[in-house]
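Source file protein27.txt; content: compact mmCIF, N, CA and C atoms.
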# COMPACT_ATOMS: atom_id res chain seq x y z
N MET J 1 0.52 13.10 5.30
CA MET J 1 -0.63 12.27 5.53
C MET J 1 -1.74 13.05 6.21
N ALA J 2 -1.40 13.84 7.21
CA ALA J 2 -2.41 14.59 7.92
C ALA J 2 -2.99 15.66 7.00
N GLY J 3 -4.29 15.83 7.06
CA GLY J 3 -4.94 16.86 6.30
C GLY J 3 -5.13 16.52 4.82
N ARG J 4 -4.90 15.31 4.43
CA ARG J 4 -5.06 14.95 3.02
C ARG J 4 -6.52 14.70 2.72
N ILE J 5 -6.85 14.87 1.48
CA ILE J 5 -8.22 14.63 1.02
C ILE J 5 -8.42 13.13 0.87
N GLU J 6 -9.56 12.67 1.32
CA GLU J 6 -9.84 11.24 1.18
C GLU J 6 -10.07 10.90 -0.28
N HIS J 7 -9.57 9.74 -0.68
CA HIS J 7 -9.74 9.27 -2.05
C HIS J 7 -11.02 8.46 -2.14
N PRO J 8 -11.77 8.63 -3.24
CA PRO J 8 -13.03 7.88 -3.38
C PRO J 8 -12.78 6.43 -3.79
N GLY J 9 -13.80 5.64 -3.64
CA GLY J 9 -13.77 4.26 -4.11
C GLY J 9 -13.08 3.31 -3.16
N ARG J 10 -13.12 2.05 -3.54
CA ARG J 10 -12.52 0.99 -2.69
C ARG J 10 -11.02 1.20 -2.53
N ALA J 11 -10.32 1.50 -3.61
CA ALA J 11 -8.87 1.72 -3.53
C ALA J 11 -8.57 2.90 -2.61
N GLY J 12 -9.35 3.96 -2.74
CA GLY J 12 -9.15 5.13 -1.89
C GLY J 12 -9.39 4.83 -0.42
N GLY J 13 -10.41 4.04 -0.14
CA GLY J 13 -10.69 3.65 1.24
C GLY J 13 -9.56 2.84 1.84
N LEU J 14 -9.02 1.92 1.06
CA LEU J 14 -7.89 1.11 1.54
C LEU J 14 -6.66 1.99 1.77
N LEU J 15 -6.43 2.93 0.87
CA LEU J 15 -5.30 3.84 1.04
C LEU J 15 -5.48 4.70 2.28
N ASP J 16 -6.68 5.21 2.49
CA ASP J 16 -6.93 6.02 3.67
C ASP J 16 -6.67 5.23 4.95
N ARG J 17 -7.09 3.98 4.97
CA ARG J 17 -6.83 3.13 6.14
C ARG J 17 -5.35 2.86 6.30
N ALA J 18 -4.64 2.64 5.18
CA ALA J 18 -3.19 2.40 5.24
C ALA J 18 -2.48 3.61 5.83
N GLU J 19 -2.87 4.80 5.40
CA GLU J 19 -2.23 6.01 5.92
C GLU J 19 -2.50 6.20 7.40
N ALA J 20 -3.72 5.89 7.84
CA ALA J 20 -4.03 5.98 9.27
C ALA J 20 -3.23 4.96 10.07
N MET J 21 -3.09 3.76 9.52
CA MET J 21 -2.29 2.72 10.19
C MET J 21 -0.83 3.14 10.29
N LEU J 22 -0.30 3.74 9.22
CA LEU J 22 1.09 4.17 9.24
C LEU J 22 1.30 5.29 10.25
N LEU J 23 0.38 6.20 10.32
CA LEU J 23 0.47 7.28 11.30
C LEU J 23 0.52 6.72 12.71
N GLU J 24 -0.32 5.75 12.97
CA GLU J 24 -0.33 5.10 14.28
C GLU J 24 0.98 4.34 14.52
N ALA J 25 1.45 3.63 13.51
CA ALA J 25 2.69 2.85 13.63
C ALA J 25 3.88 3.75 13.92
N SER J 26 3.91 4.92 13.27
CA SER J 26 5.07 5.80 13.42
C SER J 26 5.24 6.31 14.83
N GLY J 27 4.18 6.29 15.62
CA GLY J 27 4.26 6.75 17.00
C GLY J 27 4.59 5.68 18.01
N ASP J 28 4.74 4.44 17.57
CA ASP J 28 5.02 3.35 18.51
C ASP J 28 6.47 3.42 18.97
N PRO J 29 6.70 3.40 20.28
CA PRO J 29 8.08 3.51 20.78
C PRO J 29 8.93 2.25 20.56
N ASP J 30 8.30 1.11 20.35
CA ASP J 30 9.03 -0.15 20.15
C ASP J 30 9.37 -0.30 18.67
N PRO J 31 10.66 -0.32 18.31
CA PRO J 31 11.03 -0.41 16.90
C PRO J 31 10.48 -1.65 16.19
N ARG J 32 10.45 -2.78 16.90
CA ARG J 32 9.93 -4.00 16.29
C ARG J 32 8.44 -3.85 15.97
N GLU J 33 7.70 -3.28 16.89
CA GLU J 33 6.27 -3.07 16.67
C GLU J 33 6.04 -2.00 15.60
N ARG J 34 6.89 -0.99 15.58
CA ARG J 34 6.79 0.06 14.57
C ARG J 34 6.96 -0.53 13.17
N LEU J 35 7.95 -1.40 13.01
CA LEU J 35 8.17 -2.05 11.72
C LEU J 35 7.00 -2.96 11.36
N ARG J 36 6.55 -3.75 12.32
CA ARG J 36 5.44 -4.69 12.07
C ARG J 36 4.18 -3.95 11.64
N ALA J 37 3.84 -2.90 12.36
CA ALA J 37 2.62 -2.15 12.06
C ALA J 37 2.75 -1.40 10.73
N ALA J 38 3.93 -0.88 10.44
CA ALA J 38 4.14 -0.20 9.16
C ALA J 38 4.03 -1.20 8.01
N TYR J 39 4.50 -2.42 8.23
CA TYR J 39 4.39 -3.46 7.20
C TYR J 39 2.91 -3.73 6.90
N LEU J 40 2.10 -3.77 7.93
CA LEU J 40 0.66 -4.00 7.73
C LEU J 40 0.03 -2.84 6.96
N ALA J 41 0.50 -1.62 7.21
CA ALA J 41 0.03 -0.47 6.44
C ALA J 41 0.42 -0.62 4.97
N ALA J 42 1.63 -1.10 4.73
CA ALA J 42 2.08 -1.33 3.35
C ALA J 42 1.21 -2.39 2.67
N LEU J 43 0.85 -3.44 3.41
CA LEU J 43 -0.05 -4.46 2.85
C LEU J 43 -1.39 -3.85 2.46
N ARG J 44 -1.89 -2.95 3.28
CA ARG J 44 -3.15 -2.28 2.96
C ARG J 44 -2.97 -1.43 1.71
N GLY J 45 -1.80 -0.81 1.57
CA GLY J 45 -1.50 -0.05 0.35
C GLY J 45 -1.48 -0.96 -0.87
N ALA J 46 -0.91 -2.16 -0.72
CA ALA J 46 -0.92 -3.13 -1.82
C ALA J 46 -2.35 -3.50 -2.17
N GLY J 47 -3.19 -3.62 -1.16
CA GLY J 47 -4.61 -3.90 -1.41
C GLY J 47 -5.26 -2.78 -2.21
N ALA J 48 -4.86 -1.55 -1.95
CA ALA J 48 -5.38 -0.42 -2.72
C ALA J 48 -4.96 -0.52 -4.18
N VAL J 49 -3.71 -0.91 -4.42
CA VAL J 49 -3.23 -1.09 -5.80
C VAL J 49 -4.03 -2.20 -6.48
N LEU J 50 -4.25 -3.30 -5.79
CA LEU J 50 -5.01 -4.41 -6.37
C LEU J 50 -6.45 -3.99 -6.66
N ALA J 51 -7.04 -3.20 -5.78
CA ALA J 51 -8.39 -2.71 -6.02
C ALA J 51 -8.42 -1.75 -7.20
N LEU J 52 -7.42 -0.91 -7.30
CA LEU J 52 -7.34 0.06 -8.39
C LEU J 52 -7.24 -0.64 -9.75
N THR J 53 -6.48 -1.71 -9.81
CA THR J 53 -6.27 -2.42 -11.07
C THR J 53 -7.38 -3.43 -11.37
N GLY J 54 -8.24 -3.68 -10.40
CA GLY J 54 -9.29 -4.67 -10.57
C GLY J 54 -8.83 -6.08 -10.25
N ALA J 55 -7.58 -6.24 -9.87
CA ALA J 55 -7.04 -7.57 -9.57
C ALA J 55 -7.72 -8.19 -8.35
N ASP J 56 -8.32 -7.37 -7.51
CA ASP J 56 -9.02 -7.91 -6.34
C ASP J 56 -10.33 -8.58 -6.73
N ARG J 57 -10.82 -8.34 -7.95
CA ARG J 57 -12.05 -8.96 -8.42
C ARG J 57 -11.80 -10.11 -9.38
N ALA J 58 -10.54 -10.35 -9.70
CA ALA J 58 -10.18 -11.42 -10.63
C ALA J 58 -10.40 -12.78 -9.96
N PRO J 59 -10.56 -13.82 -10.76
CA PRO J 59 -10.67 -15.17 -10.17
C PRO J 59 -9.46 -15.43 -9.27
N ARG J 60 -9.66 -16.23 -8.28
CA ARG J 60 -8.61 -16.50 -7.31
C ARG J 60 -7.31 -16.89 -8.00
N ALA J 61 -6.28 -16.14 -7.69
CA ALA J 61 -4.96 -16.39 -8.28
C ALA J 61 -4.27 -17.53 -7.54
N ARG J 62 -3.25 -18.07 -8.17
CA ARG J 62 -2.49 -19.14 -7.52
C ARG J 62 -1.81 -18.63 -6.25
N SER J 63 -1.29 -17.44 -6.31
CA SER J 63 -0.60 -16.86 -5.16
C SER J 63 -1.56 -16.03 -4.34
N ARG J 64 -1.40 -16.08 -3.04
CA ARG J 64 -2.15 -15.21 -2.15
C ARG J 64 -1.20 -14.17 -1.56
N ASN J 65 0.03 -14.15 -2.03
CA ASN J 65 1.02 -13.20 -1.57
C ASN J 65 0.73 -11.84 -2.21
N ALA J 66 0.44 -10.85 -1.38
CA ALA J 66 0.06 -9.53 -1.89
C ALA J 66 1.15 -8.93 -2.76
N TRP J 67 2.40 -9.18 -2.42
CA TRP J 67 3.49 -8.57 -3.19
C TRP J 67 3.60 -9.21 -4.58
N VAL J 68 3.37 -10.50 -4.66
CA VAL J 68 3.39 -11.18 -5.97
C VAL J 68 2.21 -10.71 -6.80
N LEU J 69 1.04 -10.65 -6.19
CA LEU J 69 -0.15 -10.20 -6.90
C LEU J 69 -0.01 -8.77 -7.39
N MET J 70 0.56 -7.90 -6.54
CA MET J 70 0.74 -6.50 -6.94
C MET J 70 1.72 -6.41 -8.10
N GLN J 71 2.77 -7.19 -8.04
CA GLN J 71 3.77 -7.18 -9.11
C GLN J 71 3.14 -7.60 -10.44
N GLN J 72 2.25 -8.56 -10.40
CA GLN J 72 1.57 -9.02 -11.62
C GLN J 72 0.55 -8.01 -12.11
N ALA J 73 -0.18 -7.40 -11.20
CA ALA J 73 -1.26 -6.49 -11.57
C ALA J 73 -0.77 -5.09 -11.94
N ALA J 74 0.34 -4.68 -11.34
CA ALA J 74 0.83 -3.32 -11.57
C ALA J 74 2.36 -3.35 -11.62
N PRO J 75 2.92 -3.70 -12.77
CA PRO J 75 4.38 -3.83 -12.89
C PRO J 75 5.15 -2.57 -12.49
N GLU J 76 4.49 -1.42 -12.54
CA GLU J 76 5.17 -0.19 -12.13
C GLU J 76 5.51 -0.18 -10.64
N PHE J 77 4.94 -1.11 -9.89
CA PHE J 77 5.21 -1.22 -8.46
C PHE J 77 6.17 -2.37 -8.13
N VAL J 78 6.85 -2.91 -9.12
CA VAL J 78 7.73 -4.06 -8.90
C VAL J 78 8.82 -3.76 -7.88
N MET J 79 9.38 -2.56 -7.92
CA MET J 79 10.42 -2.19 -6.96
C MET J 79 9.88 -2.27 -5.53
N TRP J 80 8.67 -1.76 -5.35
CA TRP J 80 8.06 -1.79 -4.02
C TRP J 80 7.74 -3.22 -3.59
N SER J 81 7.22 -4.02 -4.50
CA SER J 81 6.88 -5.40 -4.12
C SER J 81 8.13 -6.16 -3.72
N ASP J 82 9.23 -5.97 -4.43
CA ASP J 82 10.49 -6.62 -4.06
C ASP J 82 10.97 -6.15 -2.70
N TYR J 83 10.91 -4.84 -2.48
CA TYR J 83 11.38 -4.28 -1.20
C TYR J 83 10.57 -4.83 -0.03
N PHE J 84 9.25 -4.76 -0.14
CA PHE J 84 8.43 -5.20 1.00
C PHE J 84 8.47 -6.71 1.19
N SER J 85 8.55 -7.47 0.11
CA SER J 85 8.61 -8.92 0.29
C SER J 85 9.89 -9.32 1.02
N SER J 86 10.94 -8.51 0.92
CA SER J 86 12.17 -8.81 1.65
C SER J 86 12.00 -8.67 3.17
N PHE J 87 10.92 -8.03 3.61
CA PHE J 87 10.63 -7.88 5.04
C PHE J 87 9.56 -8.84 5.53
N SER J 88 9.02 -9.66 4.64
CA SER J 88 7.93 -10.56 5.02
C SER J 88 8.32 -11.52 6.12
N GLU J 89 9.50 -12.11 6.00
CA GLU J 89 9.96 -13.06 7.01
C GLU J 89 10.17 -12.38 8.36
N THR J 90 10.73 -11.19 8.35
CA THR J 90 10.95 -10.45 9.60
C THR J 90 9.63 -10.14 10.27
N ARG J 91 8.66 -9.66 9.49
CA ARG J 91 7.34 -9.35 10.06
C ARG J 91 6.69 -10.60 10.65
N ALA J 92 6.75 -11.71 9.92
CA ALA J 92 6.16 -12.95 10.41
C ALA J 92 6.84 -13.43 11.69
N ALA J 93 8.15 -13.30 11.75
CA ALA J 93 8.89 -13.71 12.95
C ALA J 93 8.51 -12.85 14.14
N ILE J 94 8.39 -11.55 13.93
CA ILE J 94 8.00 -10.65 15.01
C ILE J 94 6.61 -11.02 15.51
N GLU J 95 5.69 -11.28 14.58
CA GLU J 95 4.33 -11.65 14.98
C GLU J 95 4.29 -12.98 15.71
N ALA J 96 5.23 -13.86 15.38
CA ALA J 96 5.29 -15.17 16.05
C ALA J 96 6.01 -15.10 17.39
N GLY J 97 6.53 -13.92 17.73
CA GLY J 97 7.21 -13.75 19.00
C GLY J 97 8.68 -14.16 18.97
N LEU J 98 9.20 -14.39 17.76
CA LEU J 98 10.61 -14.76 17.64
C LEU J 98 11.47 -13.51 17.73
N ASP J 99 12.68 -13.71 18.23
CA ASP J 99 13.57 -12.58 18.41
C ASP J 99 14.22 -12.19 17.09
N ARG J 100 13.84 -11.04 16.56
CA ARG J 100 14.45 -10.47 15.37
C ARG J 100 14.89 -9.06 15.73
N PRO J 101 16.18 -8.81 15.70
CA PRO J 101 16.66 -7.47 16.09
C PRO J 101 16.24 -6.41 15.08
N VAL J 102 15.60 -5.37 15.57
CA VAL J 102 15.22 -4.22 14.76
C VAL J 102 15.54 -3.00 15.61
N ASP J 103 16.45 -2.16 15.13
CA ASP J 103 16.75 -0.95 15.91
C ASP J 103 15.89 0.22 15.43
N ALA J 104 15.92 1.30 16.19
CA ALA J 104 15.08 2.46 15.91
C ALA J 104 15.36 3.03 14.51
N ARG J 105 16.61 3.07 14.11
CA ARG J 105 16.96 3.61 12.80
C ARG J 105 16.34 2.77 11.68
N GLN J 106 16.42 1.45 11.80
CA GLN J 106 15.84 0.56 10.79
C GLN J 106 14.32 0.74 10.72
N ALA J 107 13.69 0.80 11.87
CA ALA J 107 12.23 0.96 11.91
C ALA J 107 11.82 2.30 11.31
N ASP J 108 12.55 3.36 11.63
CA ASP J 108 12.23 4.68 11.09
C ASP J 108 12.42 4.72 9.58
N GLU J 109 13.47 4.09 9.10
CA GLU J 109 13.70 4.02 7.65
C GLU J 109 12.56 3.26 6.96
N PHE J 110 12.14 2.17 7.57
CA PHE J 110 11.05 1.38 7.00
C PHE J 110 9.76 2.19 6.96
N VAL J 111 9.44 2.89 8.04
CA VAL J 111 8.25 3.73 8.09
C VAL J 111 8.32 4.78 6.97
N SER J 112 9.49 5.36 6.78
CA SER J 112 9.68 6.36 5.73
C SER J 112 9.44 5.76 4.34
N ARG J 113 9.91 4.55 4.12
CA ARG J 113 9.71 3.88 2.83
C ARG J 113 8.23 3.55 2.60
N VAL J 114 7.56 3.13 3.66
CA VAL J 114 6.12 2.85 3.52
C VAL J 114 5.38 4.14 3.16
N ALA J 115 5.76 5.25 3.79
CA ALA J 115 5.13 6.53 3.47
C ALA J 115 5.34 6.89 1.99
N ALA J 116 6.54 6.65 1.48
CA ALA J 116 6.82 6.93 0.07
C ALA J 116 5.98 6.03 -0.84
N PHE J 117 5.86 4.76 -0.46
CA PHE J 117 5.04 3.82 -1.22
C PHE J 117 3.59 4.29 -1.25
N LEU J 118 3.05 4.66 -0.10
CA LEU J 118 1.66 5.10 -0.04
C LEU J 118 1.47 6.38 -0.85
N HIS J 119 2.46 7.23 -0.90
CA HIS J 119 2.40 8.42 -1.74
C HIS J 119 2.30 8.02 -3.22
N ASP J 120 3.09 7.02 -3.62
CA ASP J 120 3.02 6.52 -5.00
C ASP J 120 1.65 5.91 -5.31
N VAL J 121 1.09 5.21 -4.33
CA VAL J 121 -0.24 4.64 -4.51
C VAL J 121 -1.27 5.76 -4.68
N ALA J 122 -1.16 6.80 -3.85
CA ALA J 122 -2.08 7.94 -3.96
C ALA J 122 -1.97 8.60 -5.33
N ASP J 123 -0.74 8.75 -5.82
CA ASP J 123 -0.55 9.33 -7.15
C ASP J 123 -1.25 8.48 -8.21
N SER J 124 -1.15 7.16 -8.09
CA SER J 124 -1.79 6.27 -9.06
C SER J 124 -3.32 6.38 -9.00
N ILE J 125 -3.84 6.45 -7.80
CA ILE J 125 -5.29 6.59 -7.63
C ILE J 125 -5.75 7.92 -8.21
N ASP J 126 -5.00 8.99 -7.93
CA ASP J 126 -5.36 10.30 -8.46
C ASP J 126 -5.29 10.32 -9.98
N ALA J 127 -4.25 9.72 -10.55
CA ALA J 127 -4.10 9.67 -12.01
C ALA J 127 -5.23 8.88 -12.64
N ALA J 128 -5.62 7.76 -12.02
CA ALA J 128 -6.73 6.96 -12.54
C ALA J 128 -8.02 7.77 -12.51
N GLY J 129 -8.20 8.57 -11.48
CA GLY J 129 -9.39 9.41 -11.38
C GLY J 129 -9.44 10.47 -12.46
N ARG J 130 -8.28 11.01 -12.82
CA ARG J 130 -8.23 12.02 -13.88
C ARG J 130 -8.46 11.41 -15.26
N MET J 131 -8.20 10.12 -15.40
CA MET J 131 -8.35 9.45 -16.68
C MET J 131 -9.79 9.03 -16.97
N ARG J 132 -10.64 9.03 -15.96
CA ARG J 132 -12.03 8.61 -16.17
C ARG J 132 -12.77 9.67 -16.98
N PRO J 133 -13.55 9.24 -17.97
CA PRO J 133 -14.30 10.22 -18.76
C PRO J 133 -15.42 10.84 -17.93
N ILE J 134 -15.72 12.07 -18.26
CA ILE J 134 -16.84 12.73 -17.60
C ILE J 134 -18.11 12.17 -18.22
N THR J 135 -19.03 11.71 -17.39
CA THR J 135 -20.26 11.13 -17.92
C THR J 135 -21.07 12.19 -18.65
N GLY J 136 -21.68 11.79 -19.77
CA GLY J 136 -22.49 12.70 -20.55
C GLY J 136 -21.72 13.35 -21.69
N TRP J 137 -20.43 13.12 -21.77
CA TRP J 137 -19.61 13.71 -22.83
C TRP J 137 -19.06 12.61 -23.71
N LEU J 138 -19.05 12.84 -25.00
CA LEU J 138 -18.49 11.89 -25.96
C LEU J 138 -17.09 12.32 -26.32
N ALA J 139 -16.32 11.42 -26.89
CA ALA J 139 -14.93 11.69 -27.24
C ALA J 139 -14.80 12.85 -28.22
N ASP J 140 -15.81 13.10 -29.06
CA ASP J 140 -15.69 14.18 -30.03
C ASP J 140 -16.11 15.52 -29.46
N GLY J 141 -16.43 15.58 -28.18
CA GLY J 141 -16.78 16.81 -27.52
C GLY J 141 -18.27 17.12 -27.50
N SER J 142 -19.06 16.30 -28.18
CA SER J 142 -20.51 16.53 -28.15
C SER J 142 -21.12 15.83 -26.95
N GLU J 143 -22.35 16.21 -26.67
CA GLU J 143 -23.02 15.56 -25.53
C GLU J 143 -23.94 14.47 -26.00

Could you rewrite the structure in this file as structure tokens?
Amino acid sequence: MAGRIEHPGRAGGLLDRAEAMLLEASGDPDPRERLRAAYLAALRGAGAVLALTGADRAPRARSRNAWVLMQQAAPEFVMWSDYFSSFSETRAAIEAGLDRPVDARQADEFVSRVAAFLHDVADSIDAAGRMRPITGWLADGSE
């Protein structure tokens, strides 16, 4: 994450913020807070996927659940949406002040998974950038 090139556009900005949030989360000594903050970074990553696919500009969907929306907009991220949605209740409970046991190993594993997810999002953003045509050039190679 450190020293990476910033990605352009709305999706890139959301990804950059997600990576900064994850970096901050990874340094938190409280495992519960580390998991909660990393989850929020993952949500920002989901927002980057939605921005990349244009789903963030679509008419209001029935679901406001980022994981459901991401699964619909980018099926290649279905594994990630399933994984993170399984932590939604834990994150909500922690934010509500309810006692949910999270040990350091679990929090570290979660942070690691969020980092892998954000890496996949970065790859998608980079691939989309390579697929854009260069302005001024036609498909047949003429200008």

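Proximity of J:Tyr39, J:Phe117, J:Trp67, J:Phe110 to Ser85 (chain J), computed with only C-alpha atoms, is greatest for J:Trp67.
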
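The space between CA of Phe77 (chain J) and CA of Pro101 (chain J) spans 27.8 Å.
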
Checklist entry - So which residues touch Ile125 (chain J) within 7 Å, counting all atoms listed in the file, skipping near sequence neighbours fewer than 4 positions away, as a PyMOL selection string? => result chain J and resi 12+52+120-121+129-130

Item to check | Selection: 6.5 Å around Met70 (chain J), all atoms listed in the file, excl. self and same-chain fewer than 4 positions, as a list of chain:residue names | outcome: J:Ala46, J:Val49, J:Leu50, J:Asn65, J:Ala66, J:Ala74, J:Pro75, J:Phe77, J:Val78

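CA of Pro29 (chain J) sits 15.5 Å away from atom C of Ile94 (chain J).
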
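Interatomic distance, CA of Leu98 (chain J) to CA of Arg36 (chain J): 12.6 Å.
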
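The residue that comes closest to Ala25 (chain J), out of J:Asp82, J:Asp56, J:Asp99, J:Asp108 and on the basis of only C-alpha atoms, is J:Asp108.
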
Item to check | alpha helix (DSSP H) per DSSP on the backbone: members of region 3-106 of chain J, as a VMD selection string | outcome: chain J and resid 9 to 26 31 to 53 66 to 73 78 to 85 88 to 95 104 to 106
